[in-house]
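Peer 1: Below you will find the structure I want to go over with you.
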Amino acid sequence: MLAANSTELFVGPEDTPQQIVRVAYTGLTANGVRIEGDGLSGAADLTPGDGMVEVAVTVTDAEPGRQRAATAIAGAERAEFTFTDAEPGWTMFMISHFHYDPVWWNTQAAYTSEWTEDPPGRARQTNGFELVAAHLEMARRDPDYKFVLAEVDYLKPYWDTHPEDRADLRRFVADGRVEIMGGTYNEPNTNLTSPETAIRNFVHGIGFQRHVMGADPATAWQLDVFGHDPQFPGMAAAAGLTSSSWARGPHHQWGPMAGDGDPERMQFASEFEWISPSGTGLLTHYMPAHYSAGWWMDSAATLEDAEAETYKLFAGLKKVTSTRNVLLPVGTDYTPPNKWVTEIHRDWSARYTWPRFVCALPKEFFAAVRAELGGRGVEPSPQTRDMNPIYTGKDVSFIDTKQANRAAETVVLEAERFATFAHLLTGARYPEPALAKAWVQLAYGAHHDAITGSESDQVYLDLLTGWRDAWEIGRSTRDNALAVLGRELDPAPLMVWNSLAHNRTDVVTIDTHDAAVQVVDD
């Protein structure tokens, strides 16, 4: 028996590549096979018996998508099949990463402690410090390995407690082997917080990544965020970021390819210009197969099986790209380096010219997308639509945490304003350390598994102390500032303070504790 099918694989020189046809056979006695058809020619040796052989085929007048009748011939056996002209020039950028939640099914303290056993799942998971160390060690050992570090909520504690690794981290960044990205303190769910909390998330994220580590974050790496407020790309652009990437969006919370779904259900390409109401925005990649898409090759028994799985992903993802560049995230929650990714990088390149499967960084992917779009003289599709998936419960569970967060945000902002005037008018010391702590608590609580209410009960209890702490800091700072300002001004029996940045006229209610009150003027 003989069977043949065309592939999207190419061998040979880049400018004159030959397209691969795979021929499977059983019980053959012939020593070779050839491919014939209109504008098609190619031949290969084969070993009699059972097997599979790849035949390099020269294609005349190739037109991507064109179909032709073709025949595989081995001795007396013939197999008719349809040959589809493929397109050379494709590259799949395999981005090694791990996602880390300091709040989810366990507390931050537990996530940085030794794990005596893996949590449920297939992901070879481990704690935050061991993850950074494992990826660094892989990079030291394998010069082809590249990876991403993103979230300050694990990166800063590691930086603080492992100074011996700082030189290597900076060297890998300079050599283009590590990309520090995100630009935010964590992956915040900014639908549920004030814009000021989102801004402080950028301040603390970029402040550490750029000004402490010396990195240059360019991509808002918002993998797991459950929803994206429309102004987020504008804020990110104002903070100096130029791109973004995330997995949960308007198509499906797990991506349109979940459960072998068809990515072409998407209504626009996976790369687009995400525009905010301000008119500014970011070149964005949406992950149609989620941020864990490429991780599962890790469970393959052989390199051949891992490559087959990776090629299958490529064939699906390429259907919805805006250019001949595909991003494949290789990692998932709390995962060490994938055991096959650099092997694929080397073996695939040795076997095929196109498509290329390469270990890479997001900045390389976005540069390739921009270069191809620019070469064609086109802009990415502009998108201003709501980027929120239907995610049951994200805005309604643990409603008290939303109320606590809003109360803390309000009082901390009041504290900043009044403390500023107390400093300017009286010389009183501005309480920067206390307010900085309050904002870090609020940034921490803005995490997509915190403010959303998707965390476990023990995490919920742990988080409440953070919001309470921010509220207490804000309240005491505000009240102290008002006391200073009140002493500086003419004493009055009653003073009403306006914490907003505009004039207002409102009814003021005063609890008199049963005291006699007489209003004597306006």
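Ordering of the structure tokens sets the chain letters (A, B, ...); residue numbers start at 1 within each chain; ligands are numbered from 1 in the order shown.
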For range 490-502 of chain A, please output as a list in words all residues within 8 Å (counting only C-alpha atoms; exclusion window: fewer than 4 positions along the same chain).

Peer 2: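 Near neighbours after the sequence-gap exclusion: Glu414, Arg417, Phe418 and Gly486 of chain A.
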
Peer 1: Please tabulate, as CSV, the residues of range 40-112 of chain A that come within 12 Å of range 184-198 of chain A, each with its closest pair of atoms and the distance in Å to one decimal, counting only C-alpha atoms and ordering rows by chain, then residue number upward.

Peer 2:
residue,atom,partner,partner_atom,distance
A:His99,CA,A:Glu187,CA,9.9
A:Tyr100,CA,A:Asn186,CA,9.3
A:Asp101,CA,A:Asn186,CA,8.7
A:Pro102,CA,A:Asn186,CA,9.1
A:Val103,CA,A:Asn186,CA,10.8

Peer 1: Go through A:Arg210, A:His251, A:His135, A:Arg68 and flag the residue nearest Phe98 in chain A, using only C-alpha atoms for the distances.

Peer 2: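 Looking only at the distances to Phe98 in chain A, the closest residue turns out to be A:His135.
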
Peer 1: Could you pull out the residues in range 23-222 of chain A that DSSP calls strand (DSSP E) from the backbone, as a PyMOL selection string?

Peer 2: chain A and resi 23-28+32-37+40-45+49-59+67-74+77-84+91-96+147-149+178-180+219-221

Peer 1: Residues of range 198-432 of chain A classed as alpha helix (DSSP H) by DSSP on the backbone are to be reported as number ranges by chain.

Peer 2: A: 198-211, 232-238, 303-317, 341-351, 362-376, 399-426, 432

Peer 1: Do a neighbour search on range 167-178 of chain A at 6 Å with only C-alpha atoms, toss out local chain neighbours closer than 5 positions, and write the hits as number ranges by chain.

Peer 2: A: 146-148

Peer 1: For those residues, write all heavy atoms to a file as a PDB file, in the first residue's frame.

Peer 2:
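Written file, result_25.pdb:
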ATOM      1  N   LYS A 146      16.635  30.596  25.084  1.00  0.00           N
ATOM      2  CA  LYS A 146      16.217  31.954  25.376  1.00  0.00           C
ATOM      3  C   LYS A 146      14.927  31.885  26.182  1.00  0.00           C
ATOM      4  O   LYS A 146      14.119  30.976  25.984  1.00  0.00           O
ATOM      5  CB  LYS A 146      15.975  32.753  24.089  1.00  0.00           C
ATOM      6  CG  LYS A 146      17.187  32.905  23.185  1.00  0.00           C
ATOM      7  CD  LYS A 146      16.839  33.717  21.935  1.00  0.00           C
ATOM      8  CE  LYS A 146      18.040  33.908  21.032  1.00  0.00           C
ATOM      9  NZ  LYS A 146      17.736  34.757  19.849  1.00  0.00           N
ATOM     10  N   PHE A 147      14.719  32.866  27.056  1.00  0.00           N
ATOM     11  CA  PHE A 147      13.497  32.824  27.851  1.00  0.00           C
ATOM     12  C   PHE A 147      13.096  34.219  28.316  1.00  0.00           C
ATOM     13  O   PHE A 147      13.861  35.182  28.194  1.00  0.00           O
ATOM     14  CB  PHE A 147      13.639  31.866  29.039  1.00  0.00           C
ATOM     15  CG  PHE A 147      14.617  32.290  30.099  1.00  0.00           C
ATOM     16  CD1 PHE A 147      14.176  32.872  31.283  1.00  0.00           C
ATOM     17  CD2 PHE A 147      15.980  32.087  29.928  1.00  0.00           C
ATOM     18  CE1 PHE A 147      15.071  33.252  32.274  1.00  0.00           C
ATOM     19  CE2 PHE A 147      16.886  32.455  30.921  1.00  0.00           C
ATOM     20  CZ  PHE A 147      16.430  33.032  32.091  1.00  0.00           C
ATOM     21  N   VAL A 148      11.897  34.281  28.868  1.00  0.00           N
ATOM     22  CA  VAL A 148      11.255  35.527  29.292  1.00  0.00           C
ATOM     23  C   VAL A 148      11.137  35.550  30.813  1.00  0.00           C
ATOM     24  O   VAL A 148      10.796  34.542  31.431  1.00  0.00           O
ATOM     25  CB  VAL A 148       9.852  35.626  28.653  1.00  0.00           C
ATOM     26  CG1 VAL A 148       8.993  36.638  29.373  1.00  0.00           C
ATOM     27  CG2 VAL A 148       9.968  35.966  27.179  1.00  0.00           C
TER      28      VAL A 148
END

Peer 1: A:Asn325, A:Thr242, A:Thr84, A:Ser476: which is nearest Val411 in chain A, counting only C-alpha atoms?

Peer 2: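 Among A:Asn325, A:Thr242, A:Thr84, A:Ser476, it is A:Ser476 that comes nearest to Val411 in chain A.
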
Peer 1: May I have a table of the residues of range 207-316 of chain A lying at most 12 Å from range 438-455 of chain A, giving each one's closest pair of atoms and their distance in Å to one decimal, counting only C-alpha atoms, ordered by chain and ascending residue number, as CSV?

Peer 2:
residue,atom,partner,partner_atom,distance
A:Gln222,CA,A:His448,CA,9.7
A:Leu223,CA,A:His448,CA,10.2
A:Asp224,CA,A:His448,CA,7.4
A:Val225,CA,A:His448,CA,5.5
A:Phe226,CA,A:His448,CA,6.6
A:Gly227,CA,A:His448,CA,8.7
A:His228,CA,A:His448,CA,10.5
A:Arg248,CA,A:His448,CA,11.5

Peer 1: Store the residues of this selection in a file with C-alpha atoms, as a PDB file, in the first residue's frame.

Peer 2:
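For reference, result24.pdb as written:
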ATOM      1  CA  GLN A 222      -0.522  40.191  30.209  1.00  0.00           C
ATOM      2  CA  LEU A 223      -0.916  36.446  29.605  1.00  0.00           C
ATOM      3  CA  ASP A 224      -3.574  35.431  32.079  1.00  0.00           C
ATOM      4  CA  VAL A 225      -5.503  38.650  32.673  1.00  0.00           C
ATOM      5  CA  PHE A 226      -9.225  37.894  32.521  1.00  0.00           C
ATOM      6  CA  GLY A 227     -10.210  41.140  30.857  1.00  0.00           C
ATOM      7  CA  HIS A 228      -8.645  44.290  29.498  1.00  0.00           C
ATOM      8  CA  ARG A 248      -7.718  35.755  27.270  1.00  0.00           C
TER       9      ARG A 248
END

Peer 1: Please provide as a PyMOL selection string all residues within 9 Å of range 38-52 of chain A, with the sequence filter that same-chain residues fewer than 5 positions apart are discarded (counting only C-alpha atoms).

Peer 2: chain A and resi 18+22-33+57-62+68-70
